[in-house]
Amino acid sequence: MEVMSHSSAFLMPSLENVNGPSPTYVLVILNQRLPRFTPLLWKHAQLHVCADGGANRIFDEMPLLLSHEEGDALGIRSRYKPDVIKGDMDSIRPEVQDFYSNLGTRIIDEAHDQDTTDLHKCISYIRDFAPVVDKSNLCVLVAGALGGRFDHEIGNINVLYTFSGMRIILISDDCLIHLLPSTHPHEIHIHSSVEGPHCGLIPIGMPSGKTTTTGLQWDLNDTEMRFGGLISTSNIVKGERVTVNSDSDLLWTISIKKPKEEL
């Protein structure tokens with residue numbers, strides 16, 4: 001069975017020195033506080049999509065994240081223009097929608113669909129319609145996916161399962177989460193300068209009868225995991241490579257390191 005490889009290289013300043021072919025990154029911005037490294041994610045992405053009120057966040061917060069750059073807020077907002085804004089459009093402010101629409105951003109109003117979340121709507125667009133150059137090695141980075149209302153977080157995690165055939169990574173200032181489908185064994189490459197050491201493997205959706213890992217402080221060996229029993233939280237990565245093999249889908253989460261000046 002083919003091993004599925006995972007990497008958080010998108011947190012590195014440059015992708016040029018990362019081993020293996022770089023994925024085609026798409027960035028989705030949700031309506032939560034932007035992670036401090038959002039400008040870096042923006043640079044790596046070939047397509048930029050805002051989920052409804054995520055456009056407010058880009059408009060309001062990107063000039064603050066880039067206050068060290070030359071130019072005024074208007075110039076920064078013009079440079080960091082989303083390609084698409086999609087959702088039920090109940091959160092985006094009218095002046096923000098008008099600003100980006102006048103710059104050529106595509107606005108897709110799906111107010112008629114109240115059965116799916118704005119993130120679900122954006123992922124559907126990326127999968128089916130987005131003009132991405134190479135979808136064979138696509139990786140969707142979702143900024144602002146964690147924190148805030150718990151039901152929103154669970155809705156975002158549900159999207160990982162709904163689109164389990166796509167690589168989707170939920171990101172906050174503090175950690176990232178993505179799905180490890182049971183259809184493959186997994187190899188996770190750790191970039192210790194920007195992530196770790198704290199990590200976890202969590203069975204959501206169904207128990208795991210057998211999970212085996214290498215590279216963790218407390219490795220699992222055909223271990224059963226389920227809610228109401230053992231789940232592997234507060235584990236620690238020991239090196240630059242973690243392997244995971246499980247009979248059920250698992251969530252992988254790892255902490256993201258803060259800059260030294262913030263410690």
# chains A, B, ... in the order shown; residues from 1 in each chain; ligands from 1
>>> residues_around(residues="His120 in chain A", least_positions_apart="6", cutoff="10 Å", atoms="only C-alpha atoms", output="ChimeraX atom specification")
/A:51,87,126,155-156,158-160,162-163
>>> closest_atom_pairs(of="range 221-259 of chain A", to="range 34-46 of chain A", cutoff="12 Å", atoms="only C-alpha atoms", output="tab-separated table")
residue	atom	partner	partner_atom	distance
A:Ile256	CA	A:Phe37	CA	10.6
A:Lys257	CA	A:Phe37	CA	11.2
A:Lys258	CA	A:Arg36	CA	9.4
A:Pro259	CA	A:Arg36	CA	9.9
>>> residues_around(residues="range 229-232 of chain A", least_positions_apart="3", cutoff="7 Å", atoms="only C-alpha atoms", output="list of chain:residue names")
A:Gly200, A:Leu201, A:Ile202, A:Met225, A:Arg226, A:Asn235
>>> write_last_selection(atoms="N, CA, C and O atoms", output="short mmCIF file (atom, residue, chain, number, x, y, z; two decimals), in the first residue's frame")
data_model
loop_
_atom_site.label_atom_id
_atom_site.label_comp_id
_atom_site.auth_asym_id
_atom_site.auth_seq_id
_atom_site.Cartn_x
_atom_site.Cartn_y
_atom_site.Cartn_z
N GLY A 200 -0.72 15.07 18.73
CA GLY A 200 -1.76 14.16 19.14
C GLY A 200 -2.33 13.41 17.95
O GLY A 200 -2.27 13.87 16.81
N LEU A 201 -2.87 12.23 18.23
CA LEU A 201 -3.60 11.43 17.26
C LEU A 201 -4.96 11.12 17.86
O LEU A 201 -5.05 10.54 18.95
N ILE A 202 -6.03 11.51 17.15
CA ILE A 202 -7.35 11.48 17.75
C ILE A 202 -8.33 10.78 16.81
O ILE A 202 -8.49 11.19 15.66
N MET A 225 -7.87 2.94 20.35
CA MET A 225 -8.17 4.30 20.80
C MET A 225 -9.65 4.59 20.56
O MET A 225 -10.19 4.28 19.50
N ARG A 226 -10.28 5.20 21.54
CA ARG A 226 -11.69 5.58 21.42
C ARG A 226 -12.02 6.60 22.49
O ARG A 226 -11.35 6.67 23.53
N ASN A 235 1.08 14.01 23.31
CA ASN A 235 2.25 13.22 22.94
C ASN A 235 3.34 14.17 22.47
O ASN A 235 3.12 15.39 22.35
#
>>> atom_distance(atom1="CA of Thr211 in chain A", atom2="CA of Ser8 in chain A")
22.4 Å
>>> closest_residue(among="A:Leu15, A:Ile154, A:Leu65, A:Ile58", to="Leu30 in chain A", atoms="only C-alpha atoms")
A:Ile58
>>> atom_distance(atom1="CA of Leu138 in chain A", atom2="CA of Pro23 in chain A")
5.6 Å
>>> closest_residue(among="A:Val26, A:Ile85, A:Val194, A:Val242", to="Pro13 in chain A", atoms="only C-alpha atoms")
A:Val194
>>> closest_atom_pairs(of="range 34-72 of chain A", to="range 91-110 of chain A", cutoff="10 Å", atoms="only C-alpha atoms", output="Markdown table")
| residue | atom | partner | partner_atom | distance |
| --- | --- | --- | --- | --- |
| A:Val49 | CA | A:Arg106 | CA | 9.5 |
| A:Cys50 | CA | A:Ile107 | CA | 9.7 |
| A:Ala51 | CA | A:Ile92 | CA | 9.0 |
| A:Asp52 | CA | A:Ile92 | CA | 5.5 |
| A:Gly53 | CA | A:Ile92 | CA | 4.3 |
| A:Gly54 | CA | A:Ile92 | CA | 7.5 |
| A:Ala55 | CA | A:Ile92 | CA | 6.5 |
| A:Asn56 | CA | A:Ile92 | CA | 6.0 |
| A:Arg57 | CA | A:Ile92 | CA | 9.4 |
| A:Ile58 | CA | A:Val96 | CA | 9.5 |
| A:Phe59 | CA | A:Val96 | CA | 7.0 |
| A:Asp60 | CA | A:Val96 | CA | 9.3 |
>>> write_last_selection(atoms="C-alpha atoms", output="PDB file, in the first residue's frame")
ATOM      1  CA  VAL A  49     -10.242  32.241  -1.367  1.00  0.00           C
ATOM      2  CA  CYS A  50     -12.129  34.047   1.396  1.00  0.00           C
ATOM      3  CA  ALA A  51     -15.089  32.366   3.045  1.00  0.00           C
ATOM      4  CA  ASP A  52     -17.628  35.165   3.455  1.00  0.00           C
ATOM      5  CA  GLY A  53     -16.489  37.198   6.506  1.00  0.00           C
ATOM      6  CA  GLY A  54     -12.915  36.011   5.989  1.00  0.00           C
ATOM      7  CA  ALA A  55     -12.714  38.943   3.586  1.00  0.00           C
ATOM      8  CA  ASN A  56     -13.256  41.305   6.544  1.00  0.00           C
ATOM      9  CA  ARG A  57     -10.238  39.719   8.237  1.00  0.00           C
ATOM     10  CA  ILE A  58      -7.979  40.260   5.229  1.00  0.00           C
ATOM     11  CA  PHE A  59      -9.210  43.837   4.876  1.00  0.00           C
ATOM     12  CA  ASP A  60      -8.804  44.700   8.573  1.00  0.00           C
TER      13      ASP A  60
END
>>> decode(residues="range 173-186 of chain A", atoms="all heavy atoms", output="compact mmCIF listing (two decimals), in the first residue's frame")
# COMPACT_ATOMS: atom_id res chain seq x y z
N ASP A 173 -2.90 30.05 15.06
CA ASP A 173 -1.60 30.51 15.54
C ASP A 173 -0.87 29.43 16.32
O ASP A 173 0.36 29.41 16.38
CB ASP A 173 -1.78 31.74 16.45
CG ASP A 173 -1.29 33.02 15.81
OD1 ASP A 173 -0.43 32.95 14.91
OD2 ASP A 173 -1.78 34.09 16.19
N ASP A 174 -1.62 28.52 16.95
CA ASP A 174 -1.06 27.60 17.92
C ASP A 174 -0.83 26.19 17.40
O ASP A 174 0.01 25.46 17.93
CB ASP A 174 -1.97 27.52 19.15
CG ASP A 174 -2.18 28.88 19.80
OD1 ASP A 174 -1.17 29.52 20.12
OD2 ASP A 174 -3.34 29.30 19.96
N CYS A 175 -1.62 25.75 16.41
CA CYS A 175 -1.50 24.36 15.97
C CYS A 175 -2.11 24.18 14.59
O CYS A 175 -2.73 25.11 14.04
CB CYS A 175 -2.20 23.43 16.97
SG CYS A 175 -4.00 23.59 17.01
N LEU A 176 -1.93 23.00 14.05
CA LEU A 176 -2.58 22.62 12.81
C LEU A 176 -3.21 21.24 13.00
O LEU A 176 -2.80 20.46 13.86
CB LEU A 176 -1.61 22.65 11.63
CG LEU A 176 -0.37 21.73 11.66
CD1 LEU A 176 -0.70 20.32 11.18
CD2 LEU A 176 0.74 22.32 10.81
N ILE A 177 -4.20 20.95 12.17
CA ILE A 177 -4.91 19.67 12.20
C ILE A 177 -5.14 19.21 10.77
O ILE A 177 -5.53 20.01 9.91
CB ILE A 177 -6.28 19.79 12.90
CG1 ILE A 177 -6.13 20.20 14.36
CG2 ILE A 177 -7.06 18.48 12.81
CD1 ILE A 177 -7.46 20.43 15.06
N HIS A 178 -4.90 17.93 10.50
CA HIS A 178 -5.34 17.36 9.24
C HIS A 178 -5.67 15.88 9.42
O HIS A 178 -5.36 15.28 10.45
CB HIS A 178 -4.33 17.58 8.10
CG HIS A 178 -2.98 17.00 8.33
ND1 HIS A 178 -2.69 15.67 8.10
CD2 HIS A 178 -1.81 17.56 8.73
CE1 HIS A 178 -1.40 15.45 8.35
NE2 HIS A 178 -0.86 16.58 8.74
N LEU A 179 -6.34 15.33 8.42
CA LEU A 179 -6.83 13.97 8.49
C LEU A 179 -5.77 13.00 7.97
O LEU A 179 -5.09 13.28 6.99
CB LEU A 179 -8.11 13.85 7.64
CG LEU A 179 -8.89 12.54 7.76
CD1 LEU A 179 -9.52 12.42 9.14
CD2 LEU A 179 -9.96 12.47 6.66
N LEU A 180 -5.68 11.85 8.65
CA LEU A 180 -4.87 10.73 8.17
C LEU A 180 -5.83 9.60 7.79
O LEU A 180 -6.28 8.84 8.65
CB LEU A 180 -3.91 10.25 9.27
CG LEU A 180 -2.92 11.27 9.84
CD1 LEU A 180 -2.04 10.62 10.91
CD2 LEU A 180 -2.06 11.89 8.75
N PRO A 181 -6.20 9.48 6.51
CA PRO A 181 -7.16 8.45 6.11
C PRO A 181 -6.61 7.05 6.34
O PRO A 181 -5.41 6.79 6.14
CB PRO A 181 -7.38 8.73 4.62
CG PRO A 181 -6.90 10.13 4.39
CD PRO A 181 -5.81 10.34 5.39
N SER A 182 -7.50 6.14 6.72
CA SER A 182 -7.08 4.76 7.01
C SER A 182 -6.71 4.00 5.74
O SER A 182 -6.19 2.88 5.83
CB SER A 182 -8.20 4.03 7.75
OG SER A 182 -9.38 3.98 6.95
N THR A 183 -6.97 4.59 4.59
CA THR A 183 -6.67 3.92 3.32
C THR A 183 -5.18 3.84 3.03
O THR A 183 -4.77 3.13 2.10
CB THR A 183 -7.36 4.67 2.16
OG1 THR A 183 -7.02 6.07 2.25
CG2 THR A 183 -8.87 4.52 2.25
N HIS A 184 -4.35 4.57 3.81
CA HIS A 184 -2.92 4.59 3.57
C HIS A 184 -2.15 4.55 4.90
O HIS A 184 -2.64 5.09 5.91
CB HIS A 184 -2.48 5.88 2.84
CG HIS A 184 -3.00 6.01 1.45
ND1 HIS A 184 -4.29 6.36 1.17
CD2 HIS A 184 -2.37 5.83 0.25
CE1 HIS A 184 -4.46 6.40 -0.15
NE2 HIS A 184 -3.32 6.09 -0.73
N PRO A 185 -0.95 3.98 4.90
CA PRO A 185 -0.01 4.29 5.98
C PRO A 185 0.54 5.69 5.75
O PRO A 185 0.56 6.17 4.61
CB PRO A 185 1.08 3.22 5.82
CG PRO A 185 1.00 2.80 4.39
CD PRO A 185 -0.43 2.99 3.95
N HIS A 186 1.00 6.34 6.81
CA HIS A 186 1.38 7.74 6.72
C HIS A 186 2.79 7.98 7.24
O HIS A 186 3.22 7.36 8.22
CB HIS A 186 0.39 8.60 7.50
CG HIS A 186 -1.00 8.51 6.97
ND1 HIS A 186 -1.47 9.33 5.96
CD2 HIS A 186 -2.03 7.67 7.28
CE1 HIS A 186 -2.72 9.00 5.69
NE2 HIS A 186 -3.08 8.00 6.47
